[in-house]
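K.L.:
A single structure is presented below for examination.
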Amino acid sequence: MKRNIYLNVTDEESIETVIDFVLKDINYQIKEEEILVTESLGRITFAEVIAKVSSPFYNASAMDGIAVKHQDTELASESKMILLTDFEYINTGNQVPEKYDAVIMIEDVIEKDHQQYIIKPVNIFEHIRPIGEDIVEGELLILKNHKIRPVDIASMLGGGVEKIKVIRTPKFAIIPTGTEIIDDVNEIEIGKIIDTNSHYIGNSLTELGVNYQKIPCIKDDYQLLKNVLTKATKAVDFIIVGAGSSAGTKDFVKAAIEQLGEVYLHGINVKPGKPVIIGKIDKCMIIGLPGYPVSTFIGFDLVVKRLVLKILKQREIKREQVLAKVNKKIYSSLKYSEFVRVKLGFINDQFIATPLKRGAGITTSLLRADGLLKIDKNTEGIEKGELVKISLLKEIAVIKNTVISIGSHDILMDYISGLMNDKWTLSSIHVGSFGGVLAIKNKECHIAPIHLLDNGVYNQSIIDKYNLDAYLVRGVTRTQGIVLKKGNPKNIKSLKDLKKCLFVNRQRGSGTRVLFDYLLEKEGIGCHEIKGYDYELTTHMLIASEVEKGRADAGLAIKSIANLKGLEFIEVGKEHYDFLISKEVFKTSKVQKFLEVLNSAELKEKLAAIGGYQTTDSGEIIK
């Protein structure tokens with residue numbers, strides 16, 4: 001099949017107009033159904049809900065005590081107790097007998113010789129809940145188009161309502177496509193990809209209050225896709241097709257919809273998320289979402305979420321926004337609006353935004369993101385230091401209570417994060433030791449993990465060399481070395497042997513890269529002699545994974561990672577993995593919590609279990 005071209009491309013602002021047009025064209029009608037109030041949580045009311053009975057529907061006692069006639073108590077005072085002869089014991093919620101018009105709390109009744117006295121009067125109807133105090137029969141309880149909450153259910157039951165009319169949930173089907181897509185994580189192999197998008201789409205629909213069915217994945221077969229679409233359109237109101245919406249030779253969704261129905265939109269001027277399709281087949285609306293996870297997220301947000309809210313008569317709750325300073329220049333094209341995932345830090349009473357990896361296939365960028373930065377299509381980018389609006393993906397309190405770490409990578413940062421309590425969290429961004437030094441200097445983080453070798457000594461010269469207003473705190477002493485595939489098939493015994501294999505390197509600016517260059521110079525080995533010297537990865541775990549999978553023969557990484565991955569390890573030396581901590585934030589509660597965990601017995605036990613660390617002076621201020 002020939003390659004598609006994008007037709008009917010629209011701006012983000014016009015999507016709602018397209019949705020309205022399609023809903024009108026397929027003549028979609030909002031329908032009602034009657035359900036039990038007790039099963040209505042999260043549903044949307046189709047009509048107003050009116051109370052059928054008052055609550056309470058009788059005069060009820062508000063206290064445990066005695067029911068009396070108020071005029072019998074008028075002469076009571078602290079200097080003159082009154083003996084009560086006409087009363088009745090009553091409990092909270094009991095009906096007050098008609099002949100009584102007040103209740104005295106049991107605490108205010110004095111018992112003497114089996115007789116009851118009082119020392120102060122009560123007013124008429126005191127401590128009595130009158131009929132309809134809470135709910136009055138015939139009163140409006142719940143408005144039309146209201147999403148039912150737990151408190152709404154309680155109120156409706158209190159008003160004697162057993163059943164209500166709600167908007168019938170629209171029927172959705174999710175159809176994943178792609179020959180490479182699989183459902184079972186146990187079937188992962190080269191060339192196969194787990195279907196994560198369908199679960200994201202389905203769970204997002206559930207959160208919006210919509211039912212769906214997931215159809216088994218369709219291979220890249222045009223006729224098969226047509227057959228499945230034809231069958232599904234007869235069973236549901238809306239179909240979301242995952243992947244196959246782009247312009248590749250095996251992207252069949254647009255062509256299938258065109259042959260069976262009509263395509264109204266193919267492409268939105270946003271990035272990522274451009275390859276969105278909106279069309280119809282008979283009376284069923286079809287939405288095609290791109291296959292990359294981040295594109296799916298953006299496409300769902302811009303199209304599917306708006307559609308569902310419109311069908312259910314709900315207003316979109318706009319994400320909270322904050323102003324943040326961008327800590328690096330962000331480039332963008334003039335052709336598309338772009339959504340950039342960012343990590344936020346609250347440092348010295350200001351939000352700092354760090355852009356995360358921008359690839360549409362980087363699912364973890366959504367996992368780690370605190371917010372979204374939208375760059376307008378008429379803007380070429382954002383300058384470093386510019387103030388921008390960030391739409392939050394997390395609660396602002398969580399962001400403010402997060403310790404931001406920018407610098408070198410070590411698995412102990414994950415362990416520390418797991419040991420922080422519910423109030424404080426740790427977020428690590430791995431950019432290498434030099435990146436961490438710059439982040440501390442520019443006040444873009446709270447802490448920076450570093451392991452920089454300078455004249456044979458680790459980290460000691462960094463504060464003076466870069467004029468940092470920070471403390472240097474001891475982290476751990478760890479073992480660096482060459483990681484090799486189990487069994488050492490290349491028979492590598494020293495740095496010189498690296499010249500006969502494929503090496504995978506750390507990125508420029510990382511402490512491990514500095515160490516490797518130092519070792520090569522010491523051994524008189526030129527970097528041009530190392531095949532793969534320019535093959536760079538950003539973490540020790542990535543280095544180990546490349547070696548484990550056989551995509552590289554060797555790399556430089558820490559011993560703990562080699563142990564976790566079951567790799568051979570040749571030690572090249574010990575190093576200090578320490579923390580630069582800004583003096584301005586050192587005494588804050590969240591940084592002190594980080595230091596508490598760093599020096600905790602729990603962390604030391606975890607590190608001892610995997611090996612490769614010494615923790616005798618962890619947490620001490622070195623400089």
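Every chain in the structure tokens takes a letter, A first, then B, and so on in the order presented; its residues are numbered from 1, and the ligands are numbered from 1 following the presented order.
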Can you pull out the residues contacting stretch 431-436 of chain A? Cut-off 10 Å, using only C-alpha atoms, and skip same-chain residues under 4 positions away; I want them as JSON, numbers by chain.
P.N.:
{"A": [405, 406, 407, 408, 409, 440, 441, 442, 444, 445, 447, 448, 449, 450, 451, 452, 459, 462, 506, 507, 508, 509, 510, 511, 512, 513, 514, 538, 539, 577, 579, 580]}
K.L.:
How about saving the chosen residues, N, CA, C and O atoms kept, as a compact mmCIF listing (two decimals), in the first residue's frame?
P.N.:
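To be explicit, this is the file written out as selection-v5.txt:
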```txt
# COMPACT_ATOMS: atom_id res chain seq x y z
N SER A 405 17.52 16.12 43.03
CA SER A 405 18.92 15.73 42.86
C SER A 405 19.25 15.76 41.37
O SER A 405 18.58 15.11 40.57
N ILE A 406 20.28 16.51 41.01
CA ILE A 406 20.76 16.55 39.63
C ILE A 406 22.25 16.25 39.66
O ILE A 406 23.01 16.93 40.34
N GLY A 407 22.65 15.21 38.92
CA GLY A 407 24.07 14.88 38.90
C GLY A 407 24.31 13.45 38.48
O GLY A 407 23.66 12.94 37.57
N SER A 408 25.24 12.79 39.17
CA SER A 408 25.67 11.44 38.81
C SER A 408 24.63 10.39 39.21
O SER A 408 23.84 10.60 40.13
N HIS A 409 24.71 9.27 38.53
CA HIS A 409 23.76 8.18 38.79
C HIS A 409 24.37 7.13 39.70
O HIS A 409 25.53 6.77 39.60
N ILE A 440 24.08 22.97 40.88
CA ILE A 440 24.26 23.58 42.21
C ILE A 440 24.67 25.05 42.06
O ILE A 440 24.15 25.93 42.76
N LYS A 441 25.59 25.31 41.16
CA LYS A 441 26.07 26.68 40.96
C LYS A 441 24.94 27.61 40.52
O LYS A 441 24.86 28.76 40.95
N ASN A 442 24.04 27.08 39.67
CA ASN A 442 22.93 27.89 39.15
C ASN A 442 21.67 27.81 40.01
O ASN A 442 20.62 28.30 39.62
N GLU A 444 19.72 25.24 40.78
CA GLU A 444 18.67 24.52 40.08
C GLU A 444 18.32 23.20 40.75
O GLU A 444 17.46 22.47 40.27
N CYS A 445 18.98 22.88 41.86
CA CYS A 445 18.69 21.65 42.56
C CYS A 445 19.05 21.82 44.03
O CYS A 445 19.68 22.81 44.42
N ILE A 447 20.51 19.04 45.84
CA ILE A 447 21.73 18.25 46.02
C ILE A 447 22.24 17.82 44.65
O ILE A 447 21.48 17.71 43.69
N ALA A 448 23.56 17.56 44.61
CA ALA A 448 24.16 17.08 43.36
C ALA A 448 25.13 15.95 43.69
O ALA A 448 26.18 16.18 44.31
N PRO A 449 24.81 14.71 43.31
CA PRO A 449 25.75 13.60 43.51
C PRO A 449 26.92 13.73 42.52
O PRO A 449 26.70 13.96 41.33
N ILE A 450 28.14 13.63 43.02
CA ILE A 450 29.32 13.78 42.15
C ILE A 450 30.37 12.75 42.52
O ILE A 450 30.44 12.25 43.65
N HIS A 451 31.23 12.43 41.56
CA HIS A 451 32.45 11.65 41.81
C HIS A 451 33.46 12.08 40.75
O HIS A 451 33.68 11.43 39.74
N LEU A 452 34.07 13.23 41.00
CA LEU A 452 34.98 13.85 40.04
C LEU A 452 36.42 13.74 40.52
O LEU A 452 36.78 14.18 41.60
N ASN A 459 36.63 14.87 44.40
CA ASN A 459 35.63 15.85 44.85
C ASN A 459 36.15 16.99 45.71
O ASN A 459 35.49 18.03 45.84
N ILE A 462 36.36 20.64 44.21
CA ILE A 462 35.25 21.11 43.39
C ILE A 462 34.66 22.42 43.91
O ILE A 462 34.39 23.36 43.15
N ARG A 506 30.42 5.99 29.08
CA ARG A 506 29.51 6.94 29.73
C ARG A 506 29.60 8.28 29.00
O ARG A 506 30.55 8.57 28.29
N GLN A 507 28.59 9.13 29.24
CA GLN A 507 28.53 10.41 28.54
C GLN A 507 29.57 11.39 29.05
O GLN A 507 30.03 11.28 30.19
N ARG A 508 29.94 12.33 28.19
CA ARG A 508 30.85 13.40 28.60
C ARG A 508 30.25 14.15 29.79
O ARG A 508 29.06 14.43 29.81
N GLY A 509 31.09 14.50 30.75
CA GLY A 509 30.61 15.20 31.92
C GLY A 509 30.33 14.30 33.10
O GLY A 509 30.15 14.76 34.22
N SER A 510 30.29 13.00 32.86
CA SER A 510 30.06 12.06 33.97
C SER A 510 31.38 11.76 34.66
O SER A 510 32.46 11.78 34.04
N GLY A 511 31.30 11.45 35.95
CA GLY A 511 32.50 11.12 36.70
C GLY A 511 33.17 9.86 36.19
O GLY A 511 34.41 9.74 36.20
N THR A 512 32.36 8.91 35.74
CA THR A 512 32.92 7.66 35.23
C THR A 512 33.69 7.90 33.94
O THR A 512 34.74 7.28 33.70
N ARG A 513 33.20 8.83 33.12
CA ARG A 513 33.92 9.18 31.88
C ARG A 513 35.27 9.85 32.22
O ARG A 513 36.31 9.55 31.59
N VAL A 514 35.27 10.73 33.23
CA VAL A 514 36.51 11.36 33.66
C VAL A 514 37.50 10.30 34.13
O VAL A 514 38.70 10.34 33.80
N THR A 538 23.84 6.98 29.63
CA THR A 538 23.77 7.93 30.74
C THR A 538 23.75 7.32 32.14
O THR A 538 23.81 8.06 33.11
N THR A 539 23.65 6.00 32.26
CA THR A 539 23.65 5.40 33.60
C THR A 539 24.46 4.11 33.63
O THR A 539 24.70 3.47 32.59
N TYR A 577 31.64 8.69 46.10
CA TYR A 577 30.40 9.19 45.51
C TYR A 577 29.77 10.08 46.57
O TYR A 577 29.18 9.60 47.54
N PHE A 579 28.02 14.17 47.89
CA PHE A 579 26.90 15.07 47.57
C PHE A 579 27.28 16.52 47.82
O PHE A 579 27.73 16.87 48.92
N LEU A 580 27.12 17.34 46.78
CA LEU A 580 27.13 18.78 46.97
C LEU A 580 25.73 19.19 47.41
O LEU A 580 24.75 18.80 46.78
```
K.L.:
Assign secondary structure with DSSP using the backbone only, and return the residues of stretch 140-383 of chain A in helix (DSSP H, G or I) as a PyMOL selection string.
P.N.:
chain A and resi 150-158+185-187+197-207+222-232+253-260+293-311+363-368
K.L.:
Give me the residues near stretch 195-206 of chain A as a ChimeraX atom specification, where near means some atom within 10 Å (using only C-alpha atoms) and where sequence neighbours in that chain fewer than 6 positions away do not count.
P.N.:
/A:172-178,180-185,212-215,217,240-243,289-297,300-301,304-305,308,363
K.L.:
With only C-alpha atoms as the counted atoms, please give the residues lying no more than 12 Å from A:Ser77, apart from itself and same-chain residues fewer than 6 positions off, as a list of chain:residue names.
P.N.:
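Here the qualifying residues turn out to be A:Leu83, A:Asp108, A:Tyr117, A:Ile118, A:Ile119, A:Lys120, A:Pro121, A:Val122.
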K.L.:
Write the residues you've just listed into a file as an mmCIF file, in the first residue's frame, and include C-alpha atoms for each of them.
P.N.:
```cif
data_model
loop_
_atom_site.group_PDB
_atom_site.id
_atom_site.type_symbol
_atom_site.label_atom_id
_atom_site.label_comp_id
_atom_site.auth_asym_id
_atom_site.auth_seq_id
_atom_site.Cartn_x
_atom_site.Cartn_y
_atom_site.Cartn_z
ATOM 1 C CA LEU A 83 -37.489 18.187 90.945
ATOM 2 C CA ASP A 108 -27.318 18.260 83.035
ATOM 3 C CA TYR A 117 -33.331 17.352 89.442
ATOM 4 C CA ILE A 118 -32.177 20.161 87.154
ATOM 5 C CA ILE A 119 -30.420 23.457 87.938
ATOM 6 C CA LYS A 120 -31.075 25.411 84.721
ATOM 7 C CA PRO A 121 -34.039 25.834 82.360
ATOM 8 C CA VAL A 122 -34.268 24.709 78.720
#
```
K.L.:
Mind checking DSSP for stretch 114-235 of chain A and telling me the strand (DSSP E) residues as number ranges by chain?
P.N.:
A: 115-118, 128-129, 140-142, 163-167, 171-176, 181-182, 193-194, 211-214
K.L.:
Excluding stretch 124-136 of chain A and residues on its chain fewer than 2 positions from it, collect all residues at most 9 Å away from it, counting only C-alpha atoms, and give them as a PDB file with C-alpha atoms, in the first residue's frame.
P.N.:
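What follows is the written file out.pdb:
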```
ATOM      1  CA  ALA A  51     -36.257  14.295  47.988  1.00  0.00           C
ATOM      2  CA  LYS A  52     -39.185  11.929  48.541  1.00  0.00           C
ATOM      3  CA  VAL A  53     -39.236  12.187  52.330  1.00  0.00           C
ATOM      4  CA  SER A  54     -38.007  14.665  54.930  1.00  0.00           C
ATOM      5  CA  SER A  55     -35.011  13.893  57.105  1.00  0.00           C
ATOM      6  CA  PRO A  56     -35.689  13.505  59.888  1.00  0.00           C
ATOM      7  CA  PHE A  57     -39.353  12.789  59.157  1.00  0.00           C
ATOM      8  CA  TYR A  58     -40.267  13.065  62.851  1.00  0.00           C
ATOM      9  CA  ASN A  59     -39.123  15.266  65.733  1.00  0.00           C
ATOM     10  CA  ALA A  60     -35.967  13.520  66.886  1.00  0.00           C
ATOM     11  CA  SER A  61     -33.840  13.862  69.978  1.00  0.00           C
ATOM     12  CA  ALA A  62     -30.400  15.356  69.256  1.00  0.00           C
ATOM     13  CA  MET A  63     -28.995  14.090  72.555  1.00  0.00           C
ATOM     14  CA  LYS A  69     -42.096  20.172  78.798  1.00  0.00           C
ATOM     15  CA  HIS A  70     -39.981  23.311  78.627  1.00  0.00           C
ATOM     16  CA  GLN A  71     -42.349  25.297  80.904  1.00  0.00           C
ATOM     17  CA  GLY A  93     -32.329   9.812  67.268  1.00  0.00           C
ATOM     18  CA  VAL A  96     -39.717  12.831  70.974  1.00  0.00           C
ATOM     19  CA  TYR A 100     -42.854  17.015  75.273  1.00  0.00           C
ATOM     20  CA  ASP A 101     -41.169  19.952  73.542  1.00  0.00           C
ATOM     21  CA  ALA A 102     -37.572  19.923  74.821  1.00  0.00           C
ATOM     22  CA  VAL A 103     -34.723  17.557  75.717  1.00  0.00           C
ATOM     23  CA  ILE A 104     -32.291  17.967  78.598  1.00  0.00           C
ATOM     24  CA  MET A 105     -28.850  16.413  78.146  1.00  0.00           C
ATOM     25  CA  VAL A 122     -34.268  24.709  78.720  1.00  0.00           C
ATOM     26  CA  GLY A 138     -39.857  17.878  47.637  1.00  0.00           C
ATOM     27  CA  GLU A 139     -36.525  19.683  48.003  1.00  0.00           C
ATOM     28  CA  LEU A 140     -33.971  19.631  45.140  1.00  0.00           C
ATOM     29  CA  LEU A 141     -31.089  17.414  46.255  1.00  0.00           C
ATOM     30  CA  SER A 155     -28.041  12.569  50.989  1.00  0.00           C
ATOM     31  CA  GLY A 158     -31.577  10.211  53.530  1.00  0.00           C
ATOM     32  CA  GLY A 159     -34.187  11.791  51.282  1.00  0.00           C
TER      33      GLY A 159
END
```
K.L.:
Could you name the residues that touch stretch 347-361 of chain A at 8 Å or less, counting only C-alpha atoms, but leaving out those on the same chain fewer than 2 positions away, as a ChimeraX atom specification?
P.N.:
/A:272,292-295,322-328,330,340-345,363,365,369,443-446,584-585
K.L.:
With only C-alpha atoms as the counted atoms, please give the residues lying no more than 7 Å from A:Ile148, apart from itself and same-chain residues fewer than 3 positions off, as a list in words.
P.N.:
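What passes the distance filter is Ser40, Leu41, Gly42, Arg43, Ile44 and Asp152 of chain A.
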K.L.:
Of the candidates A:His114, A:Lys283, A:Lys583, A:His540, which one gets nearest to A:Val236 if we count only C-alpha atoms?
P.N.:
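Of A:His114, A:Lys283, A:Lys583, A:His540, the one nearest A:Val236 is A:Lys283, counting only C-alpha atoms.
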K.L.:
In Å, rounded to a single decimal, give me how far atom CA of A:Arg478 is from atom CA of A:Asp534.
P.N.:
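Calculated distance between atom CA of A:Asp534 and atom CA of A:Arg478 is 25.0 Å.
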K.L.:
Could you tell me how far atom CA of A:Leu366 lies from atom CA of A:Lys394, in Å and to one decimal?
P.N.:
11.1 Å
